[in-house]
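Chemist: The structure's right below; bear with me while I get my questions together.
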Amino acid sequence: MIQPGVFPVTSPETDLELSSKGVAEGDADANRASAFLRILIQCGCAQIEGDRSMKRALVGSSCMLCAALSPHSYATKTPEVVVTGTQHPVSVESLPAATTVYTREQIEELQFQNLPELLNQSVGLDVVRNGGPGQPTSLFIRGTEADHVLVLVDGIRVGAATVGTTAFQLIPLYQIERIEILRGPQSSLYGSEAIGGVLQIFTRKGRAPTSYGVTAAAGSFNTKEIGANINGESNGTKYSVAASYIDTDGFDAREPVPGPFGFSQPDDDGHDNASIQVRVGHETKNGSEFDAFILRAEGTTEFDGTFEDKSDHVQQVVGASATFDPTSIWETVLRVGESRDETDNFAPDGSFSSTFNTKRKQAYWINHVEVTPQGILTLGADYLDDQVDSTSNFAETSRDNVGVYAQYVGDYGSQQITASIRNDDNEAFGSETTGGIGWGYVWPNAVRVYLRAGNAFKAPTFNELYFPNFGNPNLGPETAVSVEAGLEGRPQWGRWVVRLFRTEVDDLIVTTLNPATGMFSPENIEDARIDGIEVEIAALLAGWNVSATLTLLDPENRQTGAELPRRAKESFTFNVTKQINKFVFGGRLLAKGDRFDDTLNTIPVDSYVVVDLLAEYLLNRNFSIKARVGNVFDEDYQEVSTFNTPGRNVLFTVQYEGGPAQL
């Protein structure tokens, strides 16, 4: 395990470098050393030498403990800095919450082809796909509903307000610099949707020196991929541009469906997606920062269906922010943005069928104040305006939400606490108040325990409230209470974690038949209880980087006693990599237990085990050739009943990253 101080490393979010002594280095101002560096620093591997701004100072806490080790990463991983759990940078080792981080390096090393594939390898997460590339994808965090996860891109909320979920299958992986997955209720910071957790995506960020890269890949199903990027910095201005394109013939997305509304479409269902990301930021001499970005992806997906079998899609996120320090103990952030989820659907004969477009306009004001040498108080307010434009005649096409919140993050020697409270005023259903509290304790032997509790809510979607001949405008929000406990150790050989949690969800929205009208409509009538265990272990053994995760769930509908559908009760992952001279070898295993595809538990979906093999040859420090064999043993399995998955497949990649090649 590498200890801070062995060699310089840089925080991925702030670019603040840790010196050979483990000290955060930047433009110093001796009169402005703040509590941000002291937050969660007690193991003596860092010291304060002043900072340029509160944000810059806080990054020094990334060297709080010995090196962090997240799943799927090398055992020599340096400490991670995360922002999603508190809205300002803290060390992941000291946050009393379950957090998983993926960096650009890890994404490339494990040769993930798309975002759902990556998420399905994460502890506590379960991904189900309705077929192949580009097909609808659902993400379940700790057994909660697919619309119980909040997704952010560079701090901007994304997802379709109509169905309440995010199109993970359409978000390009090539433009992603970093992913932070925060499990557990987070409505007290973020409001609606964060019952199961928060997933934040950070796009590529410019930094010096200038670098650029090109990637090309080809493989099974006539798959072709290409990407190019450039990143740099000049006179305080940082820039990043990345573009990618994927095209695949895919495979038959679904088995023939019998019945009066059944179909049989035994053809390949293709997918293409073109995307671009641009990000520009500037830091002034007094430490103020300004940033703007856009991420856009558009393309076409074919699928199997009776009335529609093709869709054109657009996913777009734009945002801008300004960060400055009104005083030496106060940092303020202003952020505005907009996300779009747009779909045009077409009938099997090629004619236009329907349109569903969602626009989400947002504004944020976040303030971090050093109230004591031990703690930071965050005060924030945000505004969200959801709008729907569709060929379906929704009863209402817009609604807004105003949220205000407060959070305290403090360090008291070997103990850390977080506490937050928030109130949301929603135009559709009124007011909702949520809160959360966490406590952590670190022993001198680098063993840590933490406890966390909180409540959360999920606002009804536009489909549930206003869809023609279906919506119920009297619906209230779904609410949840969750508690968890974690025990974590960081011995010299790696890292281990055990977590226990329970989540109780009330007023679940389900579709019921009204006998009086003979019509279906959504109602708040069901409750659920989800008990779970998460286990993570990672180590460096004889030169092999090894990691494994285990998730055990008991997701129960308390009204019927049935299992909640589409959640596997057991999930296991195993990853291994090793470099030998210029060769890197690796593999990963994904195992999912049995599940049911319906609420009555009458349609079983069998367990499965999928093994992928990875290889990479490093021609020099810039060029590499990669090969991946997916589903090596050609496992025949399904994640959703009647929907197909890929058999054995291969993908070859040639990649160039960096400046001029050096042999």
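Starting from 1 in every chain, residues are counted up; chains themselves are A, B, ... following the order of the structure tokens, and ligands are numbered from 1 as listed.
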Can you tell me, as a list in words, what residues are no more than 10 Å from A:Pro646 when counting only C-alpha atoms, ignoring any on the same chain fewer than 6 positions away?
Modeler: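 Here the answer would be Gly131, Gly132, Pro133, Ser220, Phe221, Gly250, Phe251, Asp252, Ala253, Gly630, Asn631, Asp634, Glu635, Asp636, Tyr637 and Gln638 of chain A.
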Chemist: Which residues are close to A:Thr100, i.e. within 9 Å by only C-alpha atoms, leaving aside same-chain residues fewer than 2 positions away? Reply as a ChimeraX atom specification.
Modeler: /A:70-71,92,98,102,122-123,179-183
Chemist: Using DSSP on the backbone coordinates, identify the residues of stretch 355-546 of chain A assigned to strand (DSSP E or B); present them as a ChimeraX atom specification.
Modeler: /A:355-372,375-390,398-412,415-426,430-442,447-458,478-489,494-514,519-541,544-546
Chemist: With C-alpha atoms retained, could you export that selection as a CSV table (one decimal), in the first residue's frame?
Modeler:
chain,number,residue,atom,x,y,z
A,355,THR,CA,-43.0,12.2,-28.9
A,356,PHE,CA,-42.1,12.5,-25.2
A,357,ASN,CA,-39.8,15.4,-24.3
A,358,THR,CA,-38.7,16.5,-20.8
A,359,LYS,CA,-37.0,19.7,-20.0
A,360,ARG,CA,-35.6,20.3,-16.4
A,361,LYS,CA,-34.5,23.9,-15.6
A,362,GLN,CA,-32.5,24.3,-12.4
A,363,ALA,CA,-30.7,26.9,-10.2
A,364,TYR,CA,-28.6,26.4,-7.1
A,365,TRP,CA,-27.1,28.6,-4.4
A,366,ILE,CA,-24.7,26.8,-2.1
A,367,ASN,CA,-22.8,28.4,0.8
A,368,HIS,CA,-20.0,26.8,2.9
A,369,VAL,CA,-19.1,28.6,6.1
A,370,GLU,CA,-16.4,27.8,8.6
A,371,VAL,CA,-18.4,28.1,11.8
A,372,THR,CA,-15.8,26.6,14.1
A,375,GLY,CA,-16.8,22.2,11.4
A,376,ILE,CA,-18.3,23.5,8.2
A,377,LEU,CA,-21.9,24.7,7.9
A,378,THR,CA,-23.6,24.5,4.5
A,379,LEU,CA,-26.7,26.5,3.7
A,380,GLY,CA,-28.3,26.0,0.3
A,381,ALA,CA,-31.4,26.7,-1.8
A,382,ASP,CA,-32.4,25.3,-5.2
A,383,TYR,CA,-35.1,25.7,-7.7
A,384,LEU,CA,-36.4,23.0,-10.2
A,385,ASP,CA,-38.9,23.6,-13.1
A,386,ASP,CA,-40.0,20.4,-14.9
A,387,GLN,CA,-41.7,20.7,-18.3
A,388,VAL,CA,-43.2,18.1,-20.6
A,389,ASP,CA,-43.9,18.4,-24.3
A,390,SER,CA,-45.6,15.4,-25.8
A,398,SER,CA,-45.1,21.8,-15.9
A,399,ARG,CA,-44.4,22.0,-12.1
A,400,ASP,CA,-41.8,23.6,-9.9
A,401,ASN,CA,-40.0,22.7,-6.7
A,402,VAL,CA,-38.2,25.0,-4.2
A,403,GLY,CA,-35.9,23.5,-1.7
A,404,VAL,CA,-33.9,24.9,1.2
A,405,TYR,CA,-31.5,23.0,3.4
A,406,ALA,CA,-28.7,23.2,6.0
A,407,GLN,CA,-25.9,20.7,6.7
A,408,TYR,CA,-23.1,20.5,9.3
A,409,VAL,CA,-19.9,18.5,8.8
A,410,GLY,CA,-17.5,18.3,11.7
A,411,ASP,CA,-14.4,16.6,13.0
A,412,TYR,CA,-13.8,15.9,16.7
A,415,GLN,CA,-14.9,11.1,15.5
A,416,GLN,CA,-16.8,12.7,12.5
A,417,ILE,CA,-20.4,13.7,12.2
A,418,THR,CA,-22.7,14.9,9.5
A,419,ALA,CA,-26.2,16.3,10.0
A,420,SER,CA,-28.6,17.8,7.5
A,421,ILE,CA,-32.2,19.0,7.2
A,422,ARG,CA,-34.2,20.1,4.2
A,423,ASN,CA,-37.7,21.3,3.2
A,424,ASP,CA,-39.1,21.0,-0.3
A,425,ASP,CA,-42.2,22.9,-1.5
A,426,ASN,CA,-43.6,21.1,-4.5
A,430,GLY,CA,-47.1,20.5,-1.2
A,431,SER,CA,-44.3,20.4,1.5
A,432,GLU,CA,-42.0,17.6,2.5
A,433,THR,CA,-39.3,17.8,5.2
A,434,THR,CA,-36.4,15.3,5.4
A,435,GLY,CA,-33.3,14.9,7.5
A,436,GLY,CA,-30.2,12.8,8.0
A,437,ILE,CA,-27.4,12.2,10.5
A,438,GLY,CA,-24.2,10.2,10.4
A,439,TRP,CA,-21.5,9.4,12.9
A,440,GLY,CA,-18.1,7.8,12.3
A,441,TYR,CA,-15.2,6.7,14.6
A,442,VAL,CA,-11.7,5.8,13.6
A,447,VAL,CA,-10.5,0.4,11.7
A,448,ARG,CA,-13.5,2.6,11.3
A,449,VAL,CA,-17.2,2.2,12.3
A,450,TYR,CA,-20.0,4.4,11.2
A,451,LEU,CA,-23.8,4.7,11.7
A,452,ARG,CA,-26.2,6.6,9.6
A,453,ALA,CA,-29.9,7.3,9.5
A,454,GLY,CA,-32.2,9.4,7.4
A,455,ASN,CA,-35.5,9.8,5.6
A,456,ALA,CA,-36.2,10.5,2.0
A,457,PHE,CA,-39.1,11.0,-0.5
A,458,LYS,CA,-39.9,10.6,-4.2
A,478,GLU,CA,-43.4,8.0,-1.7
A,479,THR,CA,-41.5,8.2,1.6
A,480,ALA,CA,-38.7,6.2,3.2
A,481,VAL,CA,-36.7,5.8,6.4
A,482,SER,CA,-33.3,4.1,6.3
A,483,VAL,CA,-30.7,3.1,8.8
A,484,GLU,CA,-27.3,1.5,8.3
A,485,ALA,CA,-24.1,0.5,10.1
A,486,GLY,CA,-20.7,-0.1,8.6
A,487,LEU,CA,-17.4,-1.5,9.8
A,488,GLU,CA,-14.3,-0.9,7.7
A,489,GLY,CA,-10.6,-1.9,7.9
A,494,GLY,CA,-5.8,-3.8,1.3
A,495,ARG,CA,-9.3,-3.0,2.5
A,496,TRP,CA,-12.4,-4.7,3.8
A,497,VAL,CA,-15.9,-3.4,4.5
A,498,VAL,CA,-19.1,-4.9,5.9
A,499,ARG,CA,-22.3,-2.9,6.0
A,500,LEU,CA,-25.8,-3.7,7.2
A,501,PHE,CA,-28.9,-1.6,6.3
A,502,ARG,CA,-32.7,-1.5,6.4
A,503,THR,CA,-34.9,0.7,4.3
A,504,GLU,CA,-38.7,1.0,4.8
A,505,VAL,CA,-40.7,2.6,2.0
A,506,ASP,CA,-44.2,3.8,2.6
A,507,ASP,CA,-47.0,4.9,0.2
A,508,LEU,CA,-45.4,3.1,-2.7
A,509,ILE,CA,-47.2,4.0,-6.0
A,510,VAL,CA,-48.7,1.0,-7.8
A,511,THR,CA,-51.1,0.6,-10.6
A,512,THR,CA,-54.6,-0.7,-9.6
A,513,LEU,CA,-57.9,-1.5,-11.4
A,514,ASN,CA,-60.8,0.7,-10.4
A,519,MET,CA,-59.8,1.8,-15.7
A,520,PHE,CA,-56.3,1.4,-14.3
A,521,SER,CA,-54.7,4.2,-12.2
A,522,PRO,CA,-51.8,4.6,-9.8
A,523,GLU,CA,-52.4,4.7,-6.0
A,524,ASN,CA,-50.3,5.2,-2.9
A,525,ILE,CA,-51.2,1.8,-1.3
A,526,GLU,CA,-48.2,-0.4,-0.8
A,527,ASP,CA,-45.2,-0.5,1.7
A,528,ALA,CA,-41.9,-2.3,1.4
A,529,ARG,CA,-39.1,-3.3,3.7
A,530,ILE,CA,-35.6,-4.0,2.4
A,531,ASP,CA,-32.9,-5.6,4.6
A,532,GLY,CA,-29.4,-6.0,3.2
A,533,ILE,CA,-25.7,-6.8,3.7
A,534,GLU,CA,-22.9,-5.4,1.6
A,535,VAL,CA,-19.4,-6.9,1.8
A,536,GLU,CA,-16.3,-5.5,-0.1
A,537,ILE,CA,-12.7,-6.8,0.0
A,538,ALA,CA,-9.7,-5.7,-2.1
A,539,ALA,CA,-6.1,-6.7,-1.9
A,540,LEU,CA,-2.7,-6.8,-3.7
A,541,LEU,CA,-1.7,-10.5,-3.6
A,544,TRP,CA,-2.4,-9.5,-8.5
A,545,ASN,CA,-4.9,-6.8,-7.9
A,546,VAL,CA,-8.0,-8.6,-6.5
Chemist: Show me, as a list of chain:residue names, the residues that have an atom within 8 Å of A:Gly227 when counting only C-alpha atoms, minus same-chain residues fewer than 4 positions from it.
Modeler: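 What passes the distance filter is A:Tyr174, A:Val214, A:Thr215, A:Ala216, A:Ala242, A:Ala243, A:Ser244, A:Tyr245.
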Chemist: Output as an MDAnalysis selection string all residues of stretch 189-333 of chain A that backbone DSSP marks as helix (DSSP H, G or I).
Modeler: chainID A and resid 189:190 220:222
Chemist: Please indicate the distance in Å from atom CA of A:Ile156 to atom CA of A:Gly337, rounded to one decimal place.
Modeler: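 Value for the atom CA of A:Ile156-atom CA of A:Gly337 distance: 6.1 Å.
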Chemist: Nearest to A:Glu117: which of A:Val610, A:Val317, A:Val650, A:Ile230 is it, counting only C-alpha atoms?
Modeler: A:Val610
Chemist: A:Ala568: which residues within 7 Å, counting only C-alpha atoms, same-chain residues fewer than 2 positions away excluded, as a count of residues only?
Modeler: 7
Chemist: With stretch 163-167 of chain A as the partner and 12 Å as the cut-off, tabulate the residues of stretch 430-490 of chain A that qualify, each row holding the nearest pair of atoms and their distance in Å to one decimal, using only C-alpha atoms, sorted by chain and rising number, as JSON lines.
Modeler:
{"residue": "A:Lys458", "atom": "CA", "partner": "A:Gly164", "partner_atom": "CA", "distance": 9.4}
{"residue": "A:Ala459", "atom": "CA", "partner": "A:Gly164", "partner_atom": "CA", "distance": 9.0}
{"residue": "A:Pro460", "atom": "CA", "partner": "A:Gly164", "partner_atom": "CA", "distance": 8.1}
{"residue": "A:Thr461", "atom": "CA", "partner": "A:Gly164", "partner_atom": "CA", "distance": 5.5}
{"residue": "A:Phe462", "atom": "CA", "partner": "A:Val163", "partner_atom": "CA", "distance": 7.1}
{"residue": "A:Asn463", "atom": "CA", "partner": "A:Val163", "partner_atom": "CA", "distance": 6.1}
{"residue": "A:Glu464", "atom": "CA", "partner": "A:Val163", "partner_atom": "CA", "distance": 8.1}
{"residue": "A:Leu465", "atom": "CA", "partner": "A:Val163", "partner_atom": "CA", "distance": 10.7}
{"residue": "A:Tyr466", "atom": "CA", "partner": "A:Val163", "partner_atom": "CA", "distance": 11.4}
{"residue": "A:Phe467", "atom": "CA", "partner": "A:Val163", "partner_atom": "CA", "distance": 10.3}
{"residue": "A:Gly471", "atom": "CA", "partner": "A:Val163", "partner_atom": "CA", "distance": 11.9}
Chemist: Can you measure atom CA of A:Leu552 to atom CA of A:Arg129 for me? One decimal in Å is fine.
Modeler: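 Those two atoms sit 20.6 Å apart.
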Chemist: As an exercise, work out the distance from atom CA of A:Thr237 to atom CA of A:Thr84 in Å and give it to one decimal place.
Modeler: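 Atom CA of A:Thr84 lies at a distance of 24.6 Å from atom CA of A:Thr237.
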Chemist: A:Ala542, A:Leu170, A:Val584, A:Ile176: which is nearest A:Glu105, counting only C-alpha atoms?
Modeler: A:Ile176
Chemist: Which of these, A:Ile195, A:Ala208, A:Ala146, A:Leu614, has the shortest distance to A:Gln579 once you count only C-alpha atoms?
Modeler: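 Of the candidates, the smallest distance to A:Gln579 is held by A:Leu614.
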